[in-house]
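Asker: My structure is stored as run.csv, with CSV, C-alpha atoms and all ligand atoms.
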chain,number,residue,atom,x,y,z
R,28,MET,CA,-22.9,17.1,-6.4
R,29,GLU,CA,-23.5,13.5,-5.6
R,30,LEU,CA,-21.6,10.5,-7.0
R,31,ASP,CA,-23.8,8.7,-9.5
R,32,PHE,CA,-22.3,5.3,-10.2
R,33,HIS,CA,-24.6,4.9,-13.3
R,34,LYS,CA,-22.6,7.6,-15.1
R,35,LEU,CA,-19.5,5.5,-15.2
R,36,PRO,CA,-18.3,3.2,-17.9
R,37,THR,CA,-17.7,-0.3,-16.5
R,38,PRO,CA,-15.5,-1.8,-15.3
R,39,CYS,CA,-14.1,1.3,-13.6
R,40,TYR,CA,-12.2,2.2,-10.4
R,41,ILE,CA,-13.4,5.4,-8.9
R,42,VAL,CA,-11.9,7.3,-6.0
R,43,ASP,CA,-14.0,9.7,-4.0
R,44,GLU,CA,-11.8,12.7,-3.2
R,45,ARG,CA,-13.9,13.6,-0.2
R,46,LEU,CA,-13.1,10.2,1.4
R,47,LEU,CA,-9.5,10.5,0.6
R,48,LYS,CA,-9.4,13.9,2.3
R,49,ARG,CA,-10.9,12.5,5.4
R,50,ASN,CA,-8.2,9.9,5.6
R,51,LEU,CA,-5.5,12.5,5.0
R,52,GLU,CA,-6.8,14.7,7.8
R,53,ILE,CA,-6.6,11.8,10.3
R,54,LEU,CA,-3.1,11.0,9.2
R,55,ASP,CA,-2.1,14.7,9.4
R,56,SER,CA,-3.6,14.9,12.9
R,57,VAL,CA,-1.1,12.2,13.9
R,58,GLN,CA,1.7,14.2,12.4
R,59,GLN,CA,0.6,17.3,14.2
R,60,LYS,CA,0.3,15.6,17.6
R,61,THR,CA,3.4,13.6,17.5
R,62,GLY,CA,5.8,15.3,15.1
R,63,CYS,CA,6.2,12.1,13.1
R,64,ARG,CA,6.5,12.1,9.3
R,65,ILE,CA,4.1,10.1,7.2
R,66,LEU,CA,4.9,8.9,3.7
R,67,LEU,CA,2.7,7.2,1.2
R,68,ALA,CA,3.9,3.7,0.3
R,69,LEU,CA,3.3,3.7,-3.5
R,70,LYS,CA,3.2,-0.1,-3.5
R,71,GLY,CA,-0.3,0.1,-2.2
R,72,PHE,CA,-1.7,3.1,-4.0
R,73,SER,CA,-0.1,5.0,-6.9
R,74,MET,CA,-3.0,6.9,-8.5
R,75,TYR,CA,-0.9,10.0,-9.2
R,76,ALA,CA,-3.8,12.2,-10.2
R,77,VAL,CA,-4.4,12.7,-6.4
R,78,PHE,CA,-0.7,13.1,-5.5
R,79,PRO,CA,-1.1,17.0,-5.4
R,80,LEU,CA,-3.8,16.5,-2.8
R,81,ILE,CA,-1.9,14.0,-0.8
R,82,ARG,CA,1.2,16.2,-0.8
R,83,LYS,CA,-0.8,18.9,1.1
R,84,TYR,CA,-0.9,16.5,4.0
R,85,LEU,CA,1.9,14.0,3.8
R,86,LYS,CA,5.7,14.5,3.6
R,87,GLY,CA,6.4,12.4,0.5
R,88,ILE,CA,6.5,8.8,-0.7
R,89,THR,CA,8.3,5.6,-0.2
R,90,ALA,CA,9.1,3.4,-3.2
R,91,SER,CA,10.1,-0.2,-3.6
R,92,SER,CA,11.6,0.2,-7.1
R,93,LEU,CA,13.1,2.6,-9.5
R,94,PHE,CA,9.8,3.2,-11.3
R,95,GLU,CA,7.9,4.0,-8.1
R,96,ALA,CA,10.7,6.3,-7.0
R,97,ARG,CA,10.5,8.1,-10.3
R,98,LEU,CA,6.8,8.4,-10.2
R,99,GLY,CA,6.9,9.8,-6.6
R,100,PHE,CA,9.7,12.2,-7.6
R,101,GLU,CA,7.9,13.5,-10.7
R,102,GLU,CA,4.4,13.6,-9.5
R,103,MET,CA,4.4,14.1,-5.7
R,104,GLY,CA,7.7,15.8,-4.7
R,105,GLY,CA,8.6,16.1,-1.1
R,106,GLU,CA,10.7,13.3,0.4
R,107,VAL,CA,11.4,10.3,-1.7
R,108,HIS,CA,12.4,7.2,0.2
R,109,ILE,CA,13.2,3.8,-1.2
R,110,TYR,CA,13.6,0.3,0.2
R,111,SER,CA,14.2,-2.8,-1.9
R,112,PRO,CA,15.3,-6.3,-1.0
R,113,ALA,CA,18.2,-5.7,-3.4
R,114,TYR,CA,19.1,-2.9,-5.8
R,115,ILE,CA,19.9,-3.5,-9.5
R,116,GLU,CA,23.4,-2.3,-10.3
R,117,ASP,CA,22.4,-0.5,-13.5
R,118,GLU,CA,19.5,1.3,-11.8
R,119,PHE,CA,21.3,2.6,-8.8
R,120,ASP,CA,22.6,6.0,-10.2
R,121,GLU,CA,19.0,6.8,-11.3
R,122,ILE,CA,17.7,5.8,-7.9
R,123,MET,CA,20.1,8.2,-6.2
R,124,LYS,CA,18.9,10.9,-8.5
R,125,TYR,CA,15.3,10.6,-7.3
R,126,CYS,CA,15.8,9.5,-3.6
R,127,ASP,CA,16.9,11.4,-0.6
R,128,HIS,CA,16.6,8.3,1.7
R,129,ILE,CA,17.8,4.8,0.8
R,130,VAL,CA,17.1,1.8,3.0
R,131,PHE,CA,19.3,-1.3,2.5
R,132,ASN,CA,18.2,-4.8,3.2
R,133,SER,CA,21.6,-6.2,4.1
R,134,PHE,CA,25.1,-5.2,5.0
R,135,SER,CA,26.4,-6.7,1.8
R,136,GLN,CA,24.2,-4.4,-0.3
R,137,TRP,CA,25.4,-1.5,1.8
R,138,ARG,CA,29.1,-2.5,1.2
R,139,LYS,CA,28.3,-2.7,-2.5
R,140,TYR,CA,26.8,0.7,-2.8
R,141,ARG,CA,28.0,2.9,0.1
R,142,ASP,CA,30.9,4.5,-1.9
R,143,ARG,CA,28.5,5.5,-4.7
R,144,VAL,CA,26.2,7.1,-2.1
R,145,ARG,CA,29.0,8.9,-0.3
R,146,ASN,CA,30.4,10.3,-3.6
R,147,TYR,CA,27.1,11.4,-4.9
R,148,PRO,CA,26.9,15.2,-5.2
R,149,LYS,CA,23.7,15.4,-3.0
R,150,PRO,CA,23.4,14.1,0.5
R,151,ILE,CA,21.4,10.9,0.8
R,152,GLU,CA,20.4,9.5,4.2
R,153,CYS,CA,20.9,5.8,4.5
R,154,GLY,CA,19.2,3.3,6.7
R,155,ILE,CA,19.2,-0.5,7.3
R,156,ARG,CA,16.1,-2.6,7.5
R,157,VAL,CA,16.1,-4.9,10.6
R,158,ASN,CA,14.0,-8.0,11.1
R,159,PRO,CA,12.9,-8.1,14.8
R,160,GLU,CA,11.7,-11.7,14.2
R,161,TYR,CA,8.4,-10.6,15.8
R,162,SER,CA,5.2,-10.2,13.8
R,163,GLU,CA,1.6,-10.8,14.5
R,164,ILE,CA,0.6,-11.5,10.9
R,165,GLU,CA,-0.8,-14.9,10.5
R,166,THR,CA,-0.8,-15.3,6.7
R,167,PRO,CA,2.8,-16.3,5.8
R,168,ILE,CA,2.7,-14.6,2.4
R,169,TYR,CA,2.3,-11.3,4.2
R,170,ASN,CA,4.5,-12.0,7.1
R,171,PRO,CA,8.0,-10.5,6.7
R,172,CYS,CA,9.2,-12.3,9.8
R,173,TYR,CA,8.3,-15.9,8.9
R,174,ALA,CA,11.1,-18.5,9.0
R,175,HIS,CA,14.0,-17.7,6.6
R,176,SER,CA,12.4,-14.4,5.5
R,177,ARG,CA,14.7,-12.5,3.2
R,178,LEU,CA,13.4,-9.1,4.4
R,179,GLY,CA,15.6,-7.3,6.9
R,180,VAL,CA,18.7,-8.1,9.0
R,181,THR,CA,18.1,-10.3,12.1
R,182,LEU,CA,20.0,-9.5,15.3
R,183,ASP,CA,22.3,-12.5,14.7
R,184,ASN,CA,23.4,-11.0,11.4
R,185,PHE,CA,23.5,-7.4,12.6
R,186,ARG,CA,26.9,-5.7,12.3
R,187,PRO,CA,27.3,-2.9,14.9
R,188,ASP,CA,30.9,-2.5,13.5
R,189,GLU,CA,29.5,-1.5,10.1
R,190,LEU,CA,27.0,1.2,11.2
R,191,ASP,CA,29.2,4.1,10.2
R,192,GLY,CA,27.3,5.9,7.5
R,193,PHE,CA,23.9,4.8,8.6
R,194,VAL,CA,21.5,7.4,10.0
R,195,GLY,CA,18.3,5.3,10.1
R,196,LEU,CA,16.8,2.0,11.2
R,197,HIS,CA,13.8,0.6,9.4
R,198,PHE,CA,11.4,-2.2,10.3
R,199,HIS,CA,8.2,-3.3,8.6
R,200,THR,CA,6.4,-6.2,10.2
R,201,MET,CA,2.7,-5.3,10.2
R,202,CYS,CA,-0.3,-5.6,7.9
R,203,GLU,CA,-3.7,-4.1,8.5
R,204,GLN,CA,-3.0,-3.9,12.2
R,205,ASN,CA,-3.9,-1.7,15.2
R,206,SER,CA,-1.6,0.3,17.4
R,207,ASP,CA,-1.5,-2.4,20.1
R,208,THR,CA,0.5,-4.5,17.7
R,209,LEU,CA,2.8,-1.6,17.0
R,210,GLU,CA,3.3,-1.1,20.7
R,211,ARG,CA,4.3,-4.7,21.2
R,212,THR,CA,6.6,-4.7,18.1
R,213,VAL,CA,8.3,-1.5,19.3
R,214,ARG,CA,9.1,-3.2,22.6
R,215,VAL,CA,10.8,-6.1,20.7
R,216,ILE,CA,12.7,-3.6,18.5
R,217,GLU,CA,13.9,-1.8,21.7
R,218,GLU,CA,15.0,-5.1,23.3
R,219,LYS,CA,17.0,-6.2,20.3
R,220,PHE,CA,18.2,-3.1,18.6
R,221,GLY,CA,17.9,-0.6,21.5
R,222,PRO,CA,21.7,0.1,21.8
R,223,TYR,CA,21.8,1.4,18.2
R,224,ILE,CA,18.7,3.5,18.1
R,225,GLY,CA,20.3,6.5,19.9
R,226,GLN,CA,23.0,6.8,17.3
R,227,MET,CA,20.4,7.2,14.6
R,228,LYS,CA,18.6,10.3,13.2
R,229,TRP,CA,15.4,8.5,12.4
R,230,VAL,CA,13.6,5.2,12.8
R,231,ASN,CA,11.0,4.1,10.2
R,232,PHE,CA,8.2,2.1,11.6
R,233,GLY,CA,7.2,0.8,8.2
R,234,GLY,CA,3.6,0.3,7.0
R,235,GLY,CA,0.7,-1.9,7.9
R,236,HIS,CA,-0.7,0.7,10.3
R,237,HIS,CA,-4.5,0.7,9.8
R,238,ILE,CA,-4.7,4.2,11.1
R,239,THR,CA,-7.8,5.3,9.2
R,240,ARG,CA,-10.0,2.4,10.2
R,241,THR,CA,-12.8,3.3,12.5
R,242,ASP,CA,-11.7,1.2,15.4
R,243,TYR,CA,-8.1,2.2,15.2
R,244,ASP,CA,-6.6,3.3,18.5
R,245,LEU,CA,-5.1,6.7,17.6
R,246,ALA,CA,-4.2,7.7,21.1
R,247,ARG,CA,-2.1,4.5,21.6
R,248,LEU,CA,-0.3,5.2,18.3
R,249,GLU,CA,0.4,8.8,19.4
R,250,ARG,CA,1.7,7.7,22.8
R,251,THR,CA,4.0,5.1,21.3
R,252,ILE,CA,5.5,7.6,18.9
R,253,LEU,CA,5.9,10.3,21.4
R,254,ALA,CA,7.5,8.0,24.0
R,255,PHE,CA,9.9,6.7,21.4
R,256,ARG,CA,10.9,10.1,20.2
R,257,ASP,CA,11.4,11.3,23.7
R,258,LYS,CA,13.5,8.3,24.8
R,259,TYR,CA,15.9,8.2,21.8
R,260,GLY,CA,15.7,11.7,20.3
R,261,VAL,CA,15.1,10.4,16.8
R,262,ASP,CA,12.5,11.3,14.1
R,263,VAL,CA,9.9,8.7,13.5
R,264,TYR,CA,8.6,7.9,10.0
R,265,LEU,CA,5.5,5.9,9.2
R,266,GLU,CA,5.0,4.7,5.6
R,267,PRO,CA,1.5,3.2,5.3
R,268,GLY,CA,0.0,2.5,1.9
R,269,GLU,CA,-3.4,1.0,2.6
R,270,ALA,CA,-4.3,3.5,5.4
R,271,ILE,CA,-4.1,6.4,2.9
R,272,ALA,CA,-6.6,4.9,0.5
R,273,LEU,CA,-8.6,2.7,2.8
R,274,ASN,CA,-12.4,2.9,2.0
R,275,THR,CA,-11.9,5.7,-0.5
R,276,GLY,CA,-12.7,4.0,-3.8
R,277,TYR,CA,-15.0,1.5,-5.6
R,278,LEU,CA,-14.9,-0.8,-8.5
R,279,VAL,CA,-18.0,-0.6,-10.6
R,280,ALA,CA,-18.9,-3.6,-12.7
R,281,SER,CA,-21.8,-4.8,-14.8
R,282,VAL,CA,-23.5,-8.2,-15.0
R,283,LEU,CA,-23.0,-9.8,-18.4
R,284,ASP,CA,-24.9,-13.1,-18.1
R,285,ILE,CA,-26.6,-15.3,-15.6
R,286,VAL,CA,-26.0,-19.1,-15.8
R,287,ARG,CA,-27.0,-22.0,-13.5
R,288,ASN,CA,-25.0,-24.9,-12.2
R,289,GLY,CA,-26.5,-26.1,-8.9
R,290,MET,CA,-27.0,-22.4,-8.1
R,291,ASP,CA,-27.4,-19.1,-9.8
R,292,ILE,CA,-24.1,-17.6,-11.1
R,293,ALA,CA,-23.6,-14.1,-12.4
R,294,ILE,CA,-20.7,-13.4,-14.8
R,295,LEU,CA,-19.4,-9.9,-14.5
R,296,ASP,CA,-17.3,-7.7,-16.8
R,297,THR,CA,-14.6,-7.6,-14.1
R,298,SER,CA,-12.4,-10.3,-12.7
R,299,ALA,CA,-11.0,-11.3,-9.3
R,300,ALA,CA,-7.8,-12.5,-10.9
R,301,CYS,CA,-7.2,-9.4,-13.0
R,302,HIS,CA,-8.8,-6.5,-11.2
R,303,MET,CA,-9.0,-7.5,-7.5
R,304,PRO,CA,-6.2,-10.0,-7.1
R,305,ASP,CA,-6.1,-9.7,-3.3
R,306,VAL,CA,-9.6,-11.3,-3.3
R,307,LEU,CA,-7.8,-14.5,-4.3
R,308,GLU,CA,-4.4,-13.9,-2.7
R,309,MET,CA,-5.3,-12.5,0.8
R,310,PRO,CA,-8.0,-13.9,0.5
R,311,TYR,CA,-10.9,-11.6,1.4
R,312,ARG,CA,-14.5,-10.9,0.5
R,313,PRO,CA,-15.2,-7.3,-0.7
R,314,ASN,CA,-18.5,-5.7,0.2
R,315,ILE,CA,-21.0,-4.8,-2.5
R,316,ILE,CA,-23.4,-1.9,-1.9
R,317,GLY,CA,-26.9,-3.2,-1.4
R,318,ALA,CA,-25.9,-6.9,-1.2
R,319,GLY,CA,-25.6,-9.3,1.7
R,320,LYS,CA,-24.2,-12.6,2.7
R,321,PRO,CA,-25.6,-15.7,0.9
R,322,GLY,CA,-29.2,-16.2,2.0
R,323,GLU,CA,-29.5,-12.9,3.7
R,324,TYR,CA,-31.6,-11.6,0.8
R,325,ALA,CA,-34.0,-13.6,-1.4
R,326,HIS,CA,-31.6,-14.1,-4.4
R,327,THR,CA,-28.2,-15.6,-3.9
R,328,TYR,CA,-25.6,-15.6,-6.7
R,329,ARG,CA,-22.0,-16.7,-7.1
R,330,LEU,CA,-20.2,-13.8,-8.8
R,331,GLY,CA,-17.6,-14.8,-11.3
R,332,GLY,CA,-15.1,-13.0,-13.5
R,333,LEU,CA,-14.8,-13.2,-17.3
R,334,THR,CA,-11.4,-15.0,-17.5
R,335,CYS,CA,-11.1,-18.7,-18.2
R,336,LEU,CA,-9.6,-19.3,-14.8
R,337,ALA,CA,-12.0,-21.7,-13.0
R,338,GLY,CA,-11.2,-20.1,-9.7
R,339,ASP,CA,-11.9,-16.5,-10.9
R,340,VAL,CA,-14.7,-16.2,-8.4
R,341,ILE,CA,-15.3,-13.2,-6.2
R,342,GLY,CA,-17.7,-14.9,-3.8
R,343,ASP,CA,-21.3,-15.6,-3.0
R,344,TYR,CA,-23.7,-12.7,-2.4
R,345,SER,CA,-27.4,-12.2,-2.0
R,346,PHE,CA,-29.6,-9.4,-3.4
R,347,PRO,CA,-33.1,-8.2,-2.7
R,348,GLU,CA,-34.0,-8.4,-6.5
R,349,PRO,CA,-32.9,-10.9,-9.1
R,350,LEU,CA,-29.8,-9.9,-11.0
R,351,LYS,CA,-30.1,-9.4,-14.8
R,352,PRO,CA,-27.6,-8.5,-17.5
R,353,GLY,CA,-26.8,-4.8,-17.5
R,354,ASP,CA,-27.2,-4.5,-13.7
R,355,ARG,CA,-24.4,-2.6,-11.9
R,356,LEU,CA,-22.5,-3.8,-8.9
R,357,VAL,CA,-20.4,-1.5,-6.8
R,358,PHE,CA,-17.5,-3.2,-4.9
R,359,CYS,CA,-16.3,-1.2,-1.9
R,360,ASP,CA,-12.8,-0.4,-0.7
R,361,MET,CA,-11.2,-1.0,-4.1
R,362,ALA,CA,-8.7,1.9,-4.2
R,363,HIS,CA,-5.6,0.2,-2.6
R,364,TYR,CA,-3.8,-2.9,-3.9
R,365,THR,CA,-6.0,-3.0,-7.0
R,366,MET,CA,-4.8,-0.5,-9.7
R,367,VAL,CA,-1.2,-1.2,-8.6
R,368,LYS,CA,-1.6,-4.9,-8.9
R,369,ASN,CA,-4.0,-5.5,-11.8
R,370,ASN,CA,-3.1,-7.4,-14.9
R,371,MET,CA,-4.3,-8.3,-18.4
R,372,PHE,CA,-4.4,-12.1,-18.0
R,373,ASN,CA,-6.6,-13.6,-20.7
R,374,GLY,CA,-6.4,-10.3,-22.6
R,375,VAL,CA,-9.0,-8.9,-20.3
R,376,ASN,CA,-9.0,-5.1,-20.5
R,377,LEU,CA,-8.1,-3.0,-17.4
R,378,PRO,CA,-10.9,-1.0,-15.6
R,379,SER,CA,-11.0,2.7,-16.4
R,380,ILE,CA,-9.8,5.0,-13.6
R,381,ALA,CA,-12.0,7.8,-12.5
R,382,LEU,CA,-12.0,10.5,-9.8
R,383,PHE,CA,-15.0,12.1,-8.1
R,384,SER,CA,-14.7,15.5,-6.4
R,385,GLU,CA,-17.4,17.8,-5.2
R,386,GLU,CA,-16.3,20.7,-7.5
R,387,ASP,CA,-15.8,18.7,-10.7
R,388,GLY,CA,-18.0,15.7,-10.3
R,389,ILE,CA,-16.8,12.5,-12.1
R,390,ARG,CA,-13.7,12.7,-14.2
R,391,ILE,CA,-12.6,9.7,-16.2
R,392,LEU,CA,-8.8,9.9,-16.1
R,393,LYS,CA,-7.8,6.7,-17.9
R,394,ARG,CA,-9.2,4.3,-20.4
R,395,PHE,CA,-7.2,1.3,-21.5
R,396,GLY,CA,-7.2,-0.6,-24.8
R,397,TYR,CA,-5.5,-3.1,-27.1
R,398,SER,CA,-2.2,-1.2,-27.3
R,399,ASP,CA,-1.8,-1.4,-23.5
R,400,TYR,CA,-2.2,-5.2,-23.8
R,401,LYS,CA,0.0,-5.6,-26.9
R,402,LEU,CA,2.8,-3.4,-25.6
R,403,ARG,CA,3.9,-5.8,-22.8
R,404,LEU,CA,4.1,-8.9,-24.9
J,1,LIG,C1,4.0,-2.9,1.8
J,1,LIG,C2,5.0,-2.0,2.5
J,1,LIG,C3,4.5,-0.8,3.1
J,1,LIG,C4,3.0,-0.4,3.1
J,1,LIG,O1,2.2,-1.3,3.7
J,1,LIG,P1,0.6,-1.1,3.9
J,1,LIG,O2,0.2,-2.4,4.5
J,1,LIG,O3,0.0,-0.8,2.6
J,1,LIG,O4,0.5,0.0,4.9
J,1,LIG,C5,5.4,0.0,3.7
J,1,LIG,N1,6.7,-0.3,3.8
J,1,LIG,C6,7.2,-1.4,3.3
J,1,LIG,C7,8.6,-1.7,3.4
J,1,LIG,C8,6.3,-2.3,2.6
J,1,LIG,O5,6.8,-3.5,2.2
Now that the file is in, can you turn its structure into structure tokens?

Answerer:
Amino acid sequence: MELDFHKLPTPCYIVDERLLKRNLEILDSVQQKTGCRILLALKGFSMYAVFPLIRKYLKGITASSLFEARLGFEEMGGEVHIYSPAYIEDEFDEIMKYCDHIVFNSFSQWRKYRDRVRNYPKPIECGIRVNPEYSEIETPIYNPCYAHSRLGVTLDNFRPDELDGFVGLHFHTMCEQNSDTLERTVRVIEEKFGPYIGQMKWVNFGGGHHITRTDYDLARLERTILAFRDKYGVDVYLEPGEAIALNTGYLVASVLDIVRNGMDIAILDTSAACHMPDVLEMPYRPNIIGAGKPGEYAHTYRLGGLTCLAGDVIGDYSFPEPLKPGDRLVFCDMAHYTMVKNNMFNGVNLPSIALFSEEDGIRILKRFGYSDYKLRL
């Protein structure tokens, strides 16, 4: 069965299970070759309909909040890790119920909660997030090591005298990067925190590893993990979000109207601001199947969303044929950091969520409506 985008309502996110499986196989091969443990970071991708499939390959999830932890616990199973810049007092008991690994962002948070963890009837492994003050991310909003970052403990603020009770170190300093960046980062981690690694049971290398991208250097990743495990005798965790869902899904939208103002402009039934916020925040330009850069094909359009935000513009694209109302556009790589981030600004409805598999074809899993909008206000 082939995936026919014309059979979908629009707007609609659709994940192709075949592509997801391909990513999971790559990730699993890293686990097999290195003995590392890979978790899905729910922050990037939380479409729980595919959690049973993901669970066949990965060890569990990592959460950044109580709700993510609960979703992972209920829908995925396996290991449930959590890291948050600070925990909310009233939520902490429930967090301990779902999580088997808790990473703290500061020694003050650890002091506040350590007795509750110690007295909890089930064992919970605790770690501390460190900030190596080394990152190759150039966009400050995505750089956990920019000046005065609140994320992780710097070496200056590290308390070797308070490590009793910790079995893990955690760092997260990467975003969409290759394994050469990891290699250089690990070197800095070793220089700064090397004396403490040997006392730990595990070290979590965070996310941002673009493992499933075609030009990713898997061999270098594997060497780096194996050397680290060898040297320190610790388990290594990776917790990518994006790499799991990279290039596995689409956002299908329709053209609603064509207007002119110095150029042709197509208004779509989707929105950068509501349905692909990273297009504005990162920012980046999504690919559209069959479209090119401005001027590459005969007909160039600016594609805009249906909110009143002036800047709700996806970008300029060209097409071989003129666009007309009713035409469908298929935006690529729309599975990660979309569903988890979308919003109903302007009262714009959310895209439906669909899954394609070879056995079942297209299945529409979710449709949204007025009650979803009203409920939050
Ligand atoms: C965002 C985040 C991840 C996942 O990052 P990706 O870029 O999606 O791989 C993992 N761990 C932590 C602590 C994060 O903040």

Asker: Find the residues near ligand LIG 1 (chain J). Use a cut-off of 8 Å, count all atoms listed in the file, and write them as a ChimeraX atom specification.

Answerer: /R:67-72,89,91,110-111,198-199,201-203,233-237,266-270,363-364

Asker: Work out how far atom CA of Tyr125 of chain R is from atom CA of Arg97 of chain R, in Å to one decimal.

Answerer: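 Between atom CA of Arg97 of chain R and atom CA of Tyr125 of chain R the gap is 6.2 Å.
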
Asker: Find the residues around segment 259-262 of chain R up to 8 Å (all atoms listed in the file counted), leave out those fewer than 3 positions away in its own chain, and share them as a PyMOL selection string.

Answerer: chain R and resi 62-64+224-225+227-230+255-256

Asker: Choose the residue, out of R:Glu165, R:Glu106, R:Glu249, R:Glu189, that has the smallest atom-to-atom separation from Ile53 of chain R; count only C-alpha atoms.

Answerer: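 Once distances to Ile53 of chain R are computed over only C-alpha atoms, the minimum belongs to R:Glu249.
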
Asker: Looking at all atoms listed in the file, which of R:Ser92, R:Ser384, R:Glu29, R:Met303 is the one that sits closest to Glu118 of chain R?

Answerer: R:Ser92

Asker: So how far away is atom CA of Ser379 of chain R from atom CA of Leu402 of chain R, in Å?

Answerer: 17.7 Å

Asker: Mind checking which residues fall within 12 Å of Ala362 of chain R, counting all atoms listed in the file, ignoring those fewer than 5 positions away in the same chain, and posting them as a ChimeraX atom specification?

Answerer: /R:39-44,46-47,71-74,77,268-279,302-303,305,313,367-369,378,380-382

Asker: To one decimal place in Å, what is the distance between atom CA of Ala300 of chain R and atom CA of Ala280 of chain R?

Answerer: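 Answer for the atom CA of Ala300 of chain R to atom CA of Ala280 of chain R separation: 14.3 Å.
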
Asker: I'd like the contact shell of Tyr75 of chain R - 10 Å cut-off, all atoms listed in the file, skipping same-chain residues fewer than 4 positions apart - returned as JSON, numbers by chain.

Answerer: {"R": [69, 79, 80, 81, 98, 99, 101, 102, 103]}

Asker: For Arg49 of chain R, which residue among R:Tyr84, R:Asp291, R:Asp387, R:Phe94 is the nearest when counting all atoms listed in the file?

Answerer: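 Nearest to Arg49 of chain R: R:Tyr84.
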
Asker: Give me the residues near Tyr324 of chain R as a list of chain:residue names, where near means some atom within 7 Å (using all atoms listed in the file) and where sequence neighbours in that chain fewer than 2 positions away do not count.

Answerer: R:Gly319, R:Gly322, R:His326, R:Ser345, R:Phe346, R:Pro347

Asker: If we count all atoms listed in the file, what is near Asp117 of chain R at a cut-off of 12 Å, once residues fewer than 5 positions away on the same chain are taken out, given as a short mmCIF file (atom, residue, chain, number, x, y, z; two decimals) with C-alpha atoms, keeping the file's coordinate frame?

Answerer:
data_model
loop_
_atom_site.label_atom_id
_atom_site.label_comp_id
_atom_site.auth_asym_id
_atom_site.auth_seq_id
_atom_site.Cartn_x
_atom_site.Cartn_y
_atom_site.Cartn_z
CA LEU R 93 13.10 2.60 -9.50
CA ILE R 122 17.70 5.80 -7.90
CA MET R 123 20.10 8.20 -6.20
CA TYR R 140 26.80 0.70 -2.80
#

Asker: Counting all atoms listed in the file, what are the residues of segment 333-389 of chain R within 8 Å of segment 282-288 of chain R, and for each of them which pair of atoms is the nearest and at what distance in Å, to one decimal? Sort the table by chain and rising number, as a Markdown table.

Answerer:
| residue | atom | partner | partner_atom | distance |
| --- | --- | --- | --- | --- |
| R:Leu350 | CA | R:Val282 | CA | 7.7 |
| R:Lys351 | CA | R:Val282 | CA | 6.7 |
| R:Pro352 | CA | R:Val282 | CA | 4.8 |
| R:Gly353 | CA | R:Val282 | CA | 5.4 |
| R:Asp354 | CA | R:Val282 | CA | 5.4 |
| R:Arg355 | CA | R:Val282 | CA | 6.5 |
| R:Leu356 | CA | R:Val282 | CA | 7.6 |

Asker: Return as a Markdown table the residues of segment 140-171 of chain R lying at most 12 Å from segment 191-194 of chain R, together with the closest atom-to-atom pair for each and the distance in Å to one decimal, counting only C-alpha atoms, with rows in chain order and ascending residue number.

Answerer:
| residue | atom | partner | partner_atom | distance |
| --- | --- | --- | --- | --- |
| R:Tyr140 | CA | R:Gly192 | CA | 11.5 |
| R:Arg141 | CA | R:Gly192 | CA | 8.0 |
| R:Asp142 | CA | R:Gly192 | CA | 10.2 |
| R:Val144 | CA | R:Gly192 | CA | 9.7 |
| R:Arg145 | CA | R:Gly192 | CA | 8.5 |
| R:Pro150 | CA | R:Gly192 | CA | 11.5 |
| R:Ile151 | CA | R:Val194 | CA | 9.8 |
| R:Glu152 | CA | R:Val194 | CA | 6.3 |
| R:Cys153 | CA | R:Phe193 | CA | 5.2 |
| R:Gly154 | CA | R:Phe193 | CA | 5.3 |
| R:Ile155 | CA | R:Phe193 | CA | 7.2 |
| R:Arg156 | CA | R:Phe193 | CA | 10.8 |

Asker: Ranking R:Thr37, R:Ala76, R:Asp244, R:Leu54 by minimum distance to Asn376 of chain R and counting all atoms listed in the file, which one comes first?

Answerer: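 Checking each of R:Thr37, R:Ala76, R:Asp244, R:Leu54 against Asn376 of chain R, counting all atoms listed in the file, the winner is R:Thr37.
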
Asker: Pick out the closest residue to Ile168 of chain R from this set: R:Gly87, R:Pro310, R:Pro321, R:Gly332. Count all atoms listed in the file.

Answerer: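 Counting all atoms listed in the file, the residue closest to Ile168 of chain R is R:Pro310.
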
Asker: Could you check which of R:Asn158, R:Asn205, R:Thr297, R:Asn314 is closest to Met371 of chain R, using all atoms listed in the file?

Answerer: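 Checking each candidate against Met371 of chain R, we get R:Thr297 as the closest.
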
Asker: Enumerate, as a ChimeraX atom specification, the protein, DNA and RNA residues whose atoms approach (8.5, 10.3, 8.4) to within 7 Å, taking into account only C-alpha atoms and the coordinate frame of the file.

Answerer: /R:63-66,86,231,263-265

Asker: Restrict the calculation to all atoms listed in the file, then for each residue of segment 206-261 of chain R with any atom at most 9 Å from an atom of segment 174-187 of chain R give the closest atom pair and their distance in Å to one decimal, rows by chain and rising residue number, as CSV.

Answerer:
residue,atom,partner,partner_atom,distance
R:Lys219,CA,R:Leu182,CA,6.7
R:Phe220,CA,R:Leu182,CA,7.4
R:Tyr223,CA,R:Pro187,CA,7.7
